[in-house]
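S.K.: Quick one: the structure is below, and I'll ask about it shortly.
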Amino acid sequence: MRGTKLISAFLLFAFSSISAQVYTEKIVGQKNKELKDSLKVADYPYALPIWGKKVAQKGYKLPYSAGLSVNYFWQDSEIIISDLEVGFNNGQKFNLDEIVRFDKSSVEASSISVRPDIWLLPFLNIYGVFGKASTSTKINAGIWIPDATNNWSKIADFNTSASFDATTFGLGMTPTIGIGGGWLALDMNMAWTDISSLDKPAFSFVFGPRLGKTFQLPKPDRNIAVWAGGFRVHISGDTNGNIALSDIFSLEDAQAKVDNGFAKVAENQEKVDNWWNSLSPAQQNNPANIAKHNTADRALTSAGNFLTTIDGALSTVDSSSIQYSLQKKPKDLWNFIVGSQFQYNKHIMFRVECGFLSSRTQVLGGVQYRFGL
């Protein structure tokens, strides 16, 4: 059902994990002796990072202390939904986790973000992220009920695709270390994604370790960096929202599915009752039969009550609303990433990165400008 499109908000934080691969570099090797000696006697002209002058005089080459990046990000990710509760017109909510099953559902998102950053310490970059995103969500779900033999069958299905826009704000930091052209970056950030139909912004946390190496090019300050690493997503699982019923159902299609659902619930309830009544008293006292009967009765009652509530709401579809709550998570917490950055000079860098080897695929492209503070 289209109401579940809103769960995809949690994925939009992903583009907040965009950090430039620049770092404080230890100059080593006999061929770099002249550069190292020049750093020791040069006057460091900027206020940031803290201890920047002392670090530079020990032979470390510092990047410019401030930067501004513009990035494009695309992602496609499978999601898992559970603990669904739905109510209509601010009435009683029904727990539908037993009778609603979600098949493969995915979110495709693209975003443009701006990322200002500063080097607070020679080994610590801190940054903010401000982004606008567009998302398309594909949801496949069905209502399932049991029969007398405890076989479950689908009585209604909902297959939908919906799009919406969102705004994201995030904060992060990246501890780094660089030695002789190689570096380790441990990027981590938290973000809040705001969508009008959610009761509150969706919260997320990303951890992205990267291990890489930089190859110097003939021109001064020009290089290419390559890296590999991981991308781990943690999200706040609770989602609550409120949407118009007309955003989910067309009246004709929904009424046909509700009427068909009523017929199948009644048919299966009759089968369950006939099976139960055909049992002897001893068989009715069998714990296995009791559990089977109670499970079937509970699921059929839940499906019947839900269909009845939908049927009533459809009579005022234009003015009815749906309140829902659910738990959501990405199918896979981790995926593998590889990337590269071309540094034209100490001011301008271009970056690409790809993520794969899980149920999440992502691509990033960006440009960065750095300057001293």
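Numbering starts fresh at 1 for the residues of each chain in the structure tokens, the chains themselves are lettered A, B, ... in the order given, and ligands are numbered from 1 as they appear.
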I'd like the contact shell of segment 130-133 of chain A - 10 Å cut-off, only C-alpha atoms, skipping same-chain residues fewer than 6 positions apart - returned as a list in words.
M.R.: Ala9, Leu12, Phe13, Phe15, Ser16, Val70, Asn71, Tyr72, Phe73, Trp74, Ala109, Ser110, Ser111, Ile112, Ser113, Val114, Arg115, Pro116, Phe164, Asp165, Ala166, Thr167, Thr168, Phe169, Gly170, Leu171, Ala191, Thr193 and Asp194 of chain A
S.K.: Please identify all polymer residues within 8 Å of segment 270-278 of chain A, counting only C-alpha atoms, omitting same-chain residues fewer than 4 positions from it, and present them as a tab-separated table (two decimals) with all heavy atoms, in the first residue's frame.
M.R.:
```tsv
chain	number	residue	atom	x	y	z
A	147	ASP	N	-6.31	-21.39	6.50
A	147	ASP	CA	-7.52	-22.21	6.38
A	147	ASP	C	-7.51	-23.28	7.48
A	147	ASP	O	-6.71	-23.20	8.42
A	147	ASP	CB	-7.63	-22.83	4.99
A	147	ASP	CG	-6.45	-23.74	4.66
A	147	ASP	OD1	-5.70	-24.13	5.59
A	147	ASP	OD2	-6.27	-24.07	3.47
A	148	ALA	N	-8.36	-24.27	7.35
A	148	ALA	CA	-8.50	-25.28	8.40
A	148	ALA	C	-7.25	-26.12	8.58
A	148	ALA	O	-7.01	-26.67	9.66
A	148	ALA	CB	-9.68	-26.19	8.08
A	266	ALA	N	-14.76	-15.17	4.88
A	266	ALA	CA	-15.95	-15.94	5.26
A	266	ALA	C	-15.79	-17.41	4.85
A	266	ALA	O	-16.15	-18.32	5.62
A	266	ALA	CB	-17.19	-15.33	4.61
A	284	GLN	N	-10.24	-32.01	20.36
A	284	GLN	CA	-10.33	-30.58	20.64
A	284	GLN	C	-9.47	-30.17	21.84
A	284	GLN	O	-9.12	-29.00	21.98
A	284	GLN	CB	-11.79	-30.15	20.86
A	284	GLN	CG	-12.62	-30.18	19.60
A	284	GLN	CD	-14.04	-29.68	19.83
A	284	GLN	OE1	-14.45	-29.44	20.97
A	284	GLN	NE2	-14.80	-29.52	18.76
A	293	HIS	N	-6.32	-23.89	15.89
A	293	HIS	CA	-7.63	-23.24	15.85
A	293	HIS	C	-7.55	-21.79	16.30
A	293	HIS	O	-8.13	-20.89	15.69
A	293	HIS	CB	-8.62	-24.02	16.74
A	293	HIS	CG	-9.98	-23.42	16.78
A	293	HIS	ND1	-10.44	-22.70	17.87
A	293	HIS	CD2	-11.00	-23.42	15.87
A	293	HIS	CE1	-11.67	-22.28	17.63
A	293	HIS	NE2	-12.04	-22.72	16.43
A	296	ALA	N	-5.83	-19.61	13.62
A	296	ALA	CA	-6.71	-19.34	12.49
A	296	ALA	C	-7.80	-18.35	12.87
A	296	ALA	O	-8.08	-17.41	12.12
A	296	ALA	CB	-7.33	-20.66	12.00
A	297	ASP	N	-8.42	-18.55	14.05
A	297	ASP	CA	-9.47	-17.63	14.49
A	297	ASP	C	-8.94	-16.21	14.65
A	297	ASP	O	-9.59	-15.24	14.25
A	297	ASP	CB	-10.07	-18.12	15.82
A	297	ASP	CG	-11.39	-18.84	15.61
A	297	ASP	OD1	-11.85	-18.93	14.46
A	297	ASP	OD2	-11.97	-19.31	16.61
```
S.K.: From a DSSP calculation on the backbone, collect every residue of segment 67-276 of chain A in alpha helix (DSSP H) and output the set as a compact mmCIF listing (two decimals) with C-alpha atoms, in the first residue's frame.
M.R.:
```
# COMPACT_ATOMS: atom_id res chain seq x y z
CA LEU A 251 -12.17 3.80 -4.74
CA GLU A 252 -13.15 1.27 -7.43
CA ASP A 253 -10.01 -0.85 -7.15
CA ALA A 254 -10.04 -0.83 -3.35
CA GLN A 255 -13.74 -1.71 -3.05
CA ALA A 256 -13.31 -4.71 -5.36
CA LYS A 257 -10.37 -5.98 -3.27
CA VAL A 258 -12.27 -5.45 0.00
CA ASP A 259 -15.35 -7.31 -1.30
CA ASN A 260 -13.19 -10.19 -2.53
CA GLY A 261 -11.38 -10.23 0.82
CA PHE A 262 -14.67 -10.49 2.74
CA ALA A 263 -15.71 -13.48 0.62
CA LYS A 264 -12.42 -15.32 1.20
CA VAL A 265 -12.39 -14.60 4.93
CA ALA A 266 -15.95 -15.94 5.26
CA GLU A 267 -15.04 -19.01 3.19
CA ASN A 268 -11.98 -19.82 5.30
CA GLN A 269 -13.82 -19.15 8.55
CA GLU A 270 -16.46 -21.68 7.53
CA LYS A 271 -13.72 -24.23 6.75
CA VAL A 272 -12.08 -23.65 10.13
CA ASP A 273 -15.40 -23.95 11.98
CA ASN A 274 -16.35 -27.13 10.13
CA TRP A 275 -12.94 -28.66 10.85
CA TRP A 276 -13.13 -27.76 14.55
```
S.K.: Report the residues of segment 37-144 of chain A whose backbone DSSP state falls under strand (DSSP E), written as a PyMOL selection string.
M.R.: chain A and resi 60-61+66-88+93-95+100-102+105-121+124-144
S.K.: Can you measure atom CA of Asn189 of chain A to atom CA of Leu124 of chain A for me? One decimal in Å is fine.
M.R.: 13.1 Å
S.K.: Please measure the separation of atom CA of Ile118 of chain A and atom CA of Pro49 of chain A, giving the value in Å to one decimal.
M.R.: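 It comes out at 7.8 Å.
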S.K.: Using only C-alpha atoms, which residue out of A:Ser69, A:Trp183, A:Arg101, A:Lys328 lies closest to Ser153 of chain A?
M.R.: A:Arg101
S.K.: What is the atom CA of His347 of chain A to atom CA of Arg370 of chain A distance in Å?
M.R.: 4.6 Å
S.K.: Can you pull out the residues contacting segment 355-360 of chain A? Cut-off 10 Å, using only C-alpha atoms, and skip same-chain residues under 2 positions away; I want them as a PyMOL selection string.
M.R.: chain A and resi 75-79+106-108+228-231+330-339+353+362-364
S.K.: Mind dumping the selected residues with N, CA and C atoms as a tab-separated table (two decimals), in the first residue's frame?
M.R.:
```
chain	number	residue	atom	x	y	z
A	75	GLN	N	21.12	5.92	-5.07
A	75	GLN	CA	21.12	4.67	-4.32
A	75	GLN	C	19.86	3.87	-4.58
A	76	ASP	N	20.02	2.54	-4.65
A	76	ASP	CA	18.90	1.62	-4.71
A	76	ASP	C	19.11	0.58	-3.62
A	77	SER	N	18.12	0.41	-2.73
A	77	SER	CA	18.31	-0.45	-1.56
A	77	SER	C	17.03	-1.20	-1.23
A	78	GLU	N	17.19	-2.48	-0.89
A	78	GLU	CA	16.05	-3.26	-0.40
A	78	GLU	C	15.81	-2.95	1.08
A	79	ILE	N	14.54	-3.00	1.49
A	79	ILE	CA	14.16	-2.70	2.87
A	79	ILE	C	13.28	-3.81	3.42
A	106	SER	N	11.77	-2.01	-2.32
A	106	SER	CA	13.03	-1.29	-2.50
A	106	SER	C	12.79	0.21	-2.61
A	107	VAL	N	13.85	0.95	-2.38
A	107	VAL	CA	13.82	2.40	-2.46
A	107	VAL	C	14.93	2.87	-3.39
A	108	GLU	N	14.58	3.69	-4.36
A	108	GLU	CA	15.57	4.32	-5.22
A	108	GLU	C	15.58	5.80	-4.91
A	228	ALA	N	39.27	1.66	-0.82
A	228	ALA	CA	38.22	0.65	-0.65
A	228	ALA	C	37.80	0.67	0.81
A	229	GLY	N	36.59	0.24	1.07
A	229	GLY	CA	36.11	0.26	2.45
A	229	GLY	C	34.71	-0.28	2.58
A	230	GLY	N	34.02	0.15	3.62
A	230	GLY	CA	32.67	-0.32	3.91
A	230	GLY	C	31.74	0.84	4.18
A	231	PHE	N	30.45	0.54	4.16
A	231	PHE	CA	29.41	1.54	4.39
A	231	PHE	C	28.33	0.88	5.24
A	330	PRO	N	17.18	-1.54	6.75
A	330	PRO	CA	17.73	-2.01	5.48
A	330	PRO	C	17.94	-3.51	5.53
A	331	LYS	N	17.82	-4.17	4.40
A	331	LYS	CA	18.01	-5.62	4.37
A	331	LYS	C	19.42	-6.00	4.80
A	332	ASP	N	20.41	-5.20	4.40
A	332	ASP	CA	21.80	-5.44	4.78
A	332	ASP	C	22.36	-4.19	5.42
A	333	LEU	N	23.03	-4.34	6.57
A	333	LEU	CA	23.63	-3.19	7.24
A	333	LEU	C	24.87	-2.70	6.49
A	334	TRP	N	25.66	-3.61	5.90
A	334	TRP	CA	26.92	-3.26	5.28
A	334	TRP	C	26.87	-3.43	3.77
A	335	ASN	N	27.62	-2.60	3.06
A	335	ASN	CA	27.98	-2.90	1.68
A	335	ASN	C	29.42	-2.45	1.45
A	336	PHE	N	30.02	-2.95	0.38
A	336	PHE	CA	31.41	-2.68	0.05
A	336	PHE	C	31.48	-1.44	-0.83
A	337	ILE	N	32.50	-0.59	-0.65
A	337	ILE	CA	32.65	0.60	-1.48
A	337	ILE	C	34.08	0.69	-2.03
A	338	VAL	N	34.19	1.23	-3.24
A	338	VAL	CA	35.47	1.58	-3.84
A	338	VAL	C	35.33	2.98	-4.41
A	339	GLY	N	36.43	3.72	-4.44
A	339	GLY	CA	36.34	5.08	-4.94
A	339	GLY	C	37.67	5.63	-5.38
A	353	GLU	N	32.58	7.45	-6.36
A	353	GLU	CA	32.57	6.30	-5.43
A	353	GLU	C	31.39	5.41	-5.77
A	362	GLN	N	25.02	1.89	-4.77
A	362	GLN	CA	25.07	3.34	-4.69
A	362	GLN	C	26.19	3.89	-5.56
A	363	VAL	N	26.01	5.14	-6.02
A	363	VAL	CA	27.00	5.83	-6.84
A	363	VAL	C	27.06	7.27	-6.37
A	364	LEU	N	28.27	7.81	-6.26
A	364	LEU	CA	28.49	9.18	-5.81
A	364	LEU	C	29.43	9.90	-6.77
```
S.K.: Considering only C-alpha atoms, can you say which of A:Leu314, A:Ala56, A:Ile224, A:Ile322 comes closest to Gln343 of chain A?
M.R.: A:Ile224
S.K.: With only C-alpha atoms as the basis for distance, which of A:Tyr324, A:Tyr127, A:Trp152, A:Trp51 is at the shortest distance from Leu96 of chain A?
M.R.: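 Result for the nearest residue to Leu96 of chain A: A:Tyr324.
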